[in-house]
Amino acid sequence: MAIKTFRPLTPAARFKALPDFAEITKSKPEKNLTEPIKRTGGRNNQGRITMRHIGGGHKRRYRIIDFKRNRRDAVANVIAIEYDPNRTARIALLQYPDGEKSYILCPVGLQVGAKVSAGEKAEPNVGNALPLKSIPLGTPIHNIEFIPGRGGQIVRSAGSVATLANREGGFALVKLASGEIRRINEDCYATIGQVGNTDHMNVSSGKAGRSRWMGIRPTVRGMVMNPVDHPMGGGQGKSKGGGGRHHPVSPWGQLAKGFKTRRKHKPSDTFIVQRRNAKTKAA
């Protein structure tokens, strides 16, 4: 994938940088592999806004992705690479010998015509899914399960990749992109390779209107609000929150910087071998 830029003929085009979609081979999705998405506008069943800055946007259908890779030892052909409006990664359309089709996340290097499979006996090639106990150490992986059979839950966004670092006592030690090393059951499945669309981080929409197409509404700083609307609002002129020094907080008073939101005694702490800051280790 490459990023295309534009001549600055308009203010929006000056900073616009968009993907060229050169890898896309099919424009419309498989209808039986999609389902409708109910648009809530960020509101709950009582009609109250529980998620701010959501509303509008283009109509979309959800693409059903096979995160579990349940078709073991069946070789499938990659017949198309498609755009998915619901995620940052591209998706690959697979077709099995019996005619069944499914979507998977498209890793870097997976092309139309390639063959992929899932199972303990599968080769550790790009796009194949294997249990962690069957993957060679040092292999880049993505779409990793936490619990065997549940389906991939982590390392699924564009450009994401983790590394299988070691195995010990029935667990695999997986190093995530954040630097965190996590202990995962070696019977959990993962897919070989790095998630595609690696240039997604370099995309610049160029204008506010494109965010509205994606269903993202404007966000206003708390400091420019009135005291009734935000703890940091009010003050004469450009004050740092309410007329006096005030630490940055959310609209409900939660500290925004430096306050740790992870519970102190979370059961999954025992599976974290090394924290992402690489200074402290879980007990």
# chains A, B, ... in the order shown; residues from 1 in each chain; ligands from 1

$ select_by_dssp --residues "stretch 19-190 of chain A" --states "strand (DSSP E or B)" --output "mmCIF file with N, CA and C atoms, in the first residue's frame"
data_model
loop_
_atom_site.group_PDB
_atom_site.id
_atom_site.type_symbol
_atom_site.label_atom_id
_atom_site.label_comp_id
_atom_site.auth_asym_id
_atom_site.auth_seq_id
_atom_site.Cartn_x
_atom_site.Cartn_y
_atom_site.Cartn_z
ATOM 1 N N PRO A 19 -4.894 6.711 1.252
ATOM 2 C CA PRO A 19 -4.379 5.471 0.660
ATOM 3 C C PRO A 19 -4.753 5.385 -0.813
ATOM 4 N N THR A 34 -22.099 -10.434 5.166
ATOM 5 C CA THR A 34 -22.291 -9.129 5.804
ATOM 6 C C THR A 34 -23.579 -9.149 6.619
ATOM 7 N N GLU A 35 -23.680 -8.192 7.519
ATOM 8 C CA GLU A 35 -24.903 -8.018 8.293
ATOM 9 C C GLU A 35 -25.065 -6.540 8.599
ATOM 10 N N PRO A 36 -26.306 -6.082 8.821
ATOM 11 C CA PRO A 36 -26.521 -4.646 9.041
ATOM 12 C C PRO A 36 -25.949 -4.170 10.368
ATOM 13 N N ARG A 43 -26.197 6.804 21.631
ATOM 14 C CA ARG A 43 -27.252 6.820 22.645
ATOM 15 C C ARG A 43 -27.598 5.407 23.115
ATOM 16 N N ILE A 49 -27.288 10.201 25.585
ATOM 17 C CA ILE A 49 -25.958 10.088 24.989
ATOM 18 C C ILE A 49 -24.994 9.491 26.015
ATOM 19 N N ILE A 54 -20.407 11.014 18.485
ATOM 20 C CA ILE A 54 -20.770 10.013 17.486
ATOM 21 C C ILE A 54 -22.086 10.429 16.852
ATOM 22 N N ARG A 61 -22.230 -1.759 6.140
ATOM 23 C CA ARG A 61 -22.603 -3.098 6.567
ATOM 24 C C ARG A 61 -21.384 -3.769 7.178
ATOM 25 N N TYR A 62 -21.631 -4.539 8.228
ATOM 26 C CA TYR A 62 -20.526 -5.210 8.909
ATOM 27 C C TYR A 62 -20.085 -6.434 8.121
ATOM 28 N N ARG A 63 -18.769 -6.592 7.938
ATOM 29 C CA ARG A 63 -18.214 -7.778 7.291
ATOM 30 C C ARG A 63 -17.901 -8.808 8.372
ATOM 31 N N ILE A 65 -15.949 -11.463 9.955
ATOM 32 C CA ILE A 65 -14.570 -11.925 9.839
ATOM 33 C C ILE A 65 -14.412 -13.248 10.599
ATOM 34 N N ARG A 72 -10.132 -26.526 9.987
ATOM 35 C CA ARG A 72 -8.800 -27.077 10.195
ATOM 36 C C ARG A 72 -8.358 -27.936 9.012
ATOM 37 N N ALA A 76 -7.534 -23.171 1.545
ATOM 38 C CA ALA A 76 -8.421 -22.203 0.888
ATOM 39 C C ALA A 76 -7.623 -21.318 -0.053
ATOM 40 N N ASN A 77 -8.270 -20.858 -1.093
ATOM 41 C CA ASN A 77 -7.663 -19.938 -2.050
ATOM 42 C C ASN A 77 -8.072 -18.507 -1.719
ATOM 43 N N VAL A 78 -7.122 -17.592 -1.827
ATOM 44 C CA VAL A 78 -7.427 -16.167 -1.680
ATOM 45 C C VAL A 78 -7.941 -15.673 -3.028
ATOM 46 N N ILE A 79 -9.204 -15.279 -3.065
ATOM 47 C CA ILE A 79 -9.794 -14.886 -4.356
ATOM 48 C C ILE A 79 -9.976 -13.372 -4.479
ATOM 49 N N ALA A 80 -9.828 -12.623 -3.377
ATOM 50 C CA ALA A 80 -9.978 -11.168 -3.467
ATOM 51 C C ALA A 80 -9.409 -10.499 -2.220
ATOM 52 N N ILE A 81 -8.963 -9.254 -2.404
ATOM 53 C CA ILE A 81 -8.576 -8.379 -1.293
ATOM 54 C C ILE A 81 -9.566 -7.224 -1.296
ATOM 55 N N GLU A 82 -10.216 -6.961 -0.158
ATOM 56 C CA GLU A 82 -11.283 -5.966 -0.118
ATOM 57 C C GLU A 82 -11.023 -4.903 0.942
ATOM 58 N N ILE A 91 -9.197 -6.765 4.253
ATOM 59 C CA ILE A 91 -9.638 -8.135 4.495
ATOM 60 C C ILE A 91 -9.465 -8.949 3.218
ATOM 61 N N ALA A 92 -9.220 -10.247 3.405
ATOM 62 C CA ALA A 92 -9.025 -11.156 2.280
ATOM 63 C C ALA A 92 -10.200 -12.124 2.226
ATOM 64 N N LEU A 93 -10.714 -12.345 1.025
ATOM 65 C CA LEU A 93 -11.825 -13.275 0.821
ATOM 66 C C LEU A 93 -11.264 -14.639 0.451
ATOM 67 N N LEU A 94 -11.593 -15.660 1.256
ATOM 68 C CA LEU A 94 -11.125 -17.018 1.019
ATOM 69 C C LEU A 94 -12.249 -17.870 0.449
ATOM 70 N N GLN A 95 -11.867 -18.851 -0.375
ATOM 71 C CA GLN A 95 -12.824 -19.826 -0.875
ATOM 72 C C GLN A 95 -12.244 -21.223 -0.666
ATOM 73 N N LYS A 101 -17.150 -19.643 1.544
ATOM 74 C CA LYS A 101 -16.301 -18.455 1.547
ATOM 75 C C LYS A 101 -16.250 -17.854 2.943
ATOM 76 N N SER A 102 -15.154 -17.155 3.232
ATOM 77 C CA SER A 102 -15.027 -16.465 4.518
ATOM 78 C C SER A 102 -14.020 -15.335 4.372
ATOM 79 N N TYR A 103 -14.073 -14.402 5.319
ATOM 80 C CA TYR A 103 -13.146 -13.279 5.357
ATOM 81 C C TYR A 103 -12.116 -13.501 6.462
ATOM 82 N N ILE A 104 -10.878 -13.101 6.208
ATOM 83 C CA ILE A 104 -9.855 -13.035 7.252
ATOM 84 C C ILE A 104 -9.158 -11.684 7.120
ATOM 85 N N LEU A 105 -8.440 -11.284 8.166
ATOM 86 C CA LEU A 105 -7.617 -10.089 8.072
ATOM 87 C C LEU A 105 -6.497 -10.336 7.066
ATOM 88 N N PRO A 107 -2.900 -10.049 5.863
ATOM 89 C CA PRO A 107 -1.550 -9.696 6.318
ATOM 90 C C PRO A 107 -0.688 -9.167 5.185
ATOM 91 N N LYS A 115 -2.564 -19.652 -1.265
ATOM 92 C CA LYS A 115 -3.301 -20.694 -0.549
ATOM 93 C C LYS A 115 -2.984 -20.586 0.939
ATOM 94 N N VAL A 116 -4.021 -20.641 1.773
ATOM 95 C CA VAL A 116 -3.840 -20.559 3.222
ATOM 96 C C VAL A 116 -4.610 -21.691 3.881
ATOM 97 N N ALA A 118 -5.382 -23.630 8.129
ATOM 98 C CA ALA A 118 -5.303 -23.513 9.579
ATOM 99 C C ALA A 118 -5.242 -24.906 10.184
ATOM 100 N N ALA A 129 -2.917 -20.135 10.004
ATOM 101 C CA ALA A 129 -3.198 -20.051 11.431
ATOM 102 C C ALA A 129 -2.754 -21.345 12.102
ATOM 103 N N LEU A 130 -1.956 -21.213 13.158
ATOM 104 C CA LEU A 130 -1.420 -22.355 13.882
ATOM 105 C C LEU A 130 -1.529 -22.110 15.377
ATOM 106 N N PRO A 131 -1.550 -23.186 16.194
ATOM 107 C CA PRO A 131 -1.437 -22.980 17.641
ATOM 108 C C PRO A 131 -0.044 -22.482 17.980
ATOM 109 N N PRO A 140 6.799 -13.440 13.440
ATOM 110 C CA PRO A 140 5.795 -12.380 13.618
ATOM 111 C C PRO A 140 4.390 -12.956 13.481
ATOM 112 N N ILE A 141 3.498 -12.588 14.381
ATOM 113 C CA ILE A 141 2.138 -13.137 14.399
ATOM 114 C C ILE A 141 1.123 -12.025 14.653
ATOM 115 N N HIS A 142 -0.135 -12.326 14.352
ATOM 116 C CA HIS A 142 -1.235 -11.405 14.649
ATOM 117 C C HIS A 142 -2.508 -12.218 14.892
ATOM 118 N N ILE A 144 -4.315 -12.975 17.663
ATOM 119 C CA ILE A 144 -3.950 -13.961 18.674
ATOM 120 C C ILE A 144 -5.116 -14.185 19.642
ATOM 121 N N GLU A 145 -5.363 -15.457 19.946
ATOM 122 C CA GLU A 145 -6.392 -15.806 20.919
ATOM 123 C C GLU A 145 -5.880 -15.610 22.341
ATOM 124 N N GLY A 152 -9.362 -14.914 17.654
ATOM 125 C CA GLY A 152 -8.367 -13.870 17.874
ATOM 126 C C GLY A 152 -8.974 -12.622 18.475
ATOM 127 N N GLN A 153 -8.292 -12.080 19.487
ATOM 128 C CA GLN A 153 -8.804 -10.893 20.168
ATOM 129 C C GLN A 153 -7.818 -9.730 20.170
ATOM 130 N N ILE A 154 -6.532 -10.002 20.002
ATOM 131 C CA ILE A 154 -5.545 -8.922 20.041
ATOM 132 C C ILE A 154 -4.707 -8.937 18.775
ATOM 133 N N ALA A 162 2.979 -8.908 16.575
ATOM 134 C CA ALA A 162 3.576 -9.374 17.821
ATOM 135 C C ALA A 162 4.614 -10.436 17.468
ATOM 136 N N THR A 163 5.445 -10.787 18.437
ATOM 137 C CA THR A 163 6.512 -11.760 18.198
ATOM 138 C C THR A 163 6.435 -12.865 19.236
ATOM 139 N N LEU A 164 6.513 -14.107 18.767
ATOM 140 C CA LEU A 164 6.565 -15.238 19.672
ATOM 141 C C LEU A 164 7.984 -15.344 20.228
ATOM 142 N N ALA A 165 8.149 -15.014 21.504
ATOM 143 C CA ALA A 165 9.484 -14.904 22.081
ATOM 144 C C ALA A 165 9.988 -16.208 22.685
ATOM 145 N N ASN A 166 9.101 -16.959 23.374
ATOM 146 C CA ASN A 166 9.571 -18.157 24.077
ATOM 147 C C ASN A 166 8.372 -19.023 24.429
ATOM 148 N N ARG A 167 8.654 -20.222 24.939
ATOM 149 C CA ARG A 167 7.622 -21.121 25.452
ATOM 150 C C ARG A 167 8.123 -21.762 26.739
ATOM 151 N N GLU A 168 7.226 -21.849 27.726
ATOM 152 C CA GLU A 168 7.607 -22.492 28.986
ATOM 153 C C GLU A 168 6.367 -22.904 29.756
ATOM 154 N N PHE A 171 2.831 -22.524 28.317
ATOM 155 C CA PHE A 171 2.466 -21.176 27.893
ATOM 156 C C PHE A 171 3.486 -20.649 26.893
ATOM 157 N N ALA A 172 3.016 -19.759 26.028
ATOM 158 C CA ALA A 172 3.899 -19.061 25.102
ATOM 159 C C ALA A 172 4.077 -17.634 25.593
ATOM 160 N N LEU A 173 5.288 -17.122 25.474
ATOM 161 C CA LEU A 173 5.560 -15.734 25.838
ATOM 162 C C LEU A 173 5.543 -14.905 24.566
ATOM 163 N N VAL A 174 4.580 -14.006 24.490
ATOM 164 C CA VAL A 174 4.374 -13.200 23.286
ATOM 165 C C VAL A 174 4.726 -11.754 23.597
ATOM 166 N N LYS A 175 5.608 -11.174 22.793
ATOM 167 C CA LYS A 175 5.980 -9.773 22.956
ATOM 168 C C LYS A 175 5.110 -8.924 22.047
ATOM 169 N N ILE A 181 5.309 -8.124 27.505
ATOM 170 C CA ILE A 181 5.469 -9.560 27.264
ATOM 171 C C ILE A 181 4.384 -10.277 28.058
ATOM 172 N N ARG A 182 3.589 -11.059 27.354
ATOM 173 C CA ARG A 182 2.413 -11.677 27.966
ATOM 174 C C ARG A 182 2.451 -13.191 27.818
ATOM 175 N N ARG A 183 2.014 -13.875 28.862
ATOM 176 C CA ARG A 183 1.953 -15.333 28.865
ATOM 177 C C ARG A 183 0.592 -15.778 28.341
ATOM 178 N N ILE A 184 0.572 -16.575 27.261
ATOM 179 C CA ILE A 184 -0.658 -17.024 26.626
ATOM 180 C C ILE A 184 -0.609 -18.538 26.462
ATOM 181 N N ASN A 185 -1.727 -19.201 26.697
ATOM 182 C CA ASN A 185 -1.819 -20.653 26.541
ATOM 183 C C ASN A 185 -1.307 -21.069 25.163
ATOM 184 N N TYR A 189 -4.603 -20.165 19.105
ATOM 185 C CA TYR A 189 -4.196 -19.995 17.711
ATOM 186 C C TYR A 189 -3.767 -18.553 17.438
ATOM 187 N N ALA A 190 -2.877 -18.413 16.489
ATOM 188 C CA ALA A 190 -2.455 -17.099 15.994
ATOM 189 C C ALA A 190 -2.188 -17.234 14.504
#

$ residues_around --residues "A:Asn70" --least-positions-apart "2" --cutoff "10 Å" --atoms "only C-alpha atoms" --output "JSON list (two decimals) with C-alpha atoms, in the first residue's frame"
[["chain", "number", "residue", "atom", "x", "y", "z"],
["A", 66, "ASP", "CA", -13.44, -15.46, 10.63],
["A", 67, "PHE", "CA", -11.29, -14.79, 13.70],
["A", 68, "LYS", "CA", -11.51, -18.43, 14.85],
["A", 72, "ARG", "CA", -8.80, -27.08, 10.20],
["A", 73, "ASP", "CA", -6.44, -28.59, 7.60],
["A", 74, "ALA", "CA", -8.60, -27.29, 4.73],
["A", 117, "SER", "CA", -4.84, -23.10, 5.84],
["A", 118, "ALA", "CA", -5.30, -23.51, 9.58],
["A", 119, "GLY", "CA", -4.28, -26.35, 11.85],
["A", 129, "ALA", "CA", -3.20, -20.05, 11.43],
["A", 149, "GLY", "CA", -11.35, -21.60, 20.68],
["A", 151, "GLY", "CA", -11.02, -16.54, 18.32]]

$ atom_distance --atom1 "atom CA of A:Pro227" --atom2 "atom CA of A:Arg52"
18.7 Å

$ atom_distance --atom1 "atom CA of A:Asp20" --atom2 "atom CA of A:Arg60"
20.6 Å

$ closest_residue --among "A:Gln111, A:Thr40, A:Gln194, A:Thr88" --to "A:Glu23" --atoms "only C-alpha atoms"
A:Gln111

$ closest_residue --among "A:Leu33, A:Ala17, A:Ile272, A:Cys106" --to "A:Ala89" --atoms "only C-alpha atoms"
A:Cys106

$ atom_distance --atom1 "atom CA of A:Ala22" --atom2 "atom CA of A:Ser157"
19.1 Å
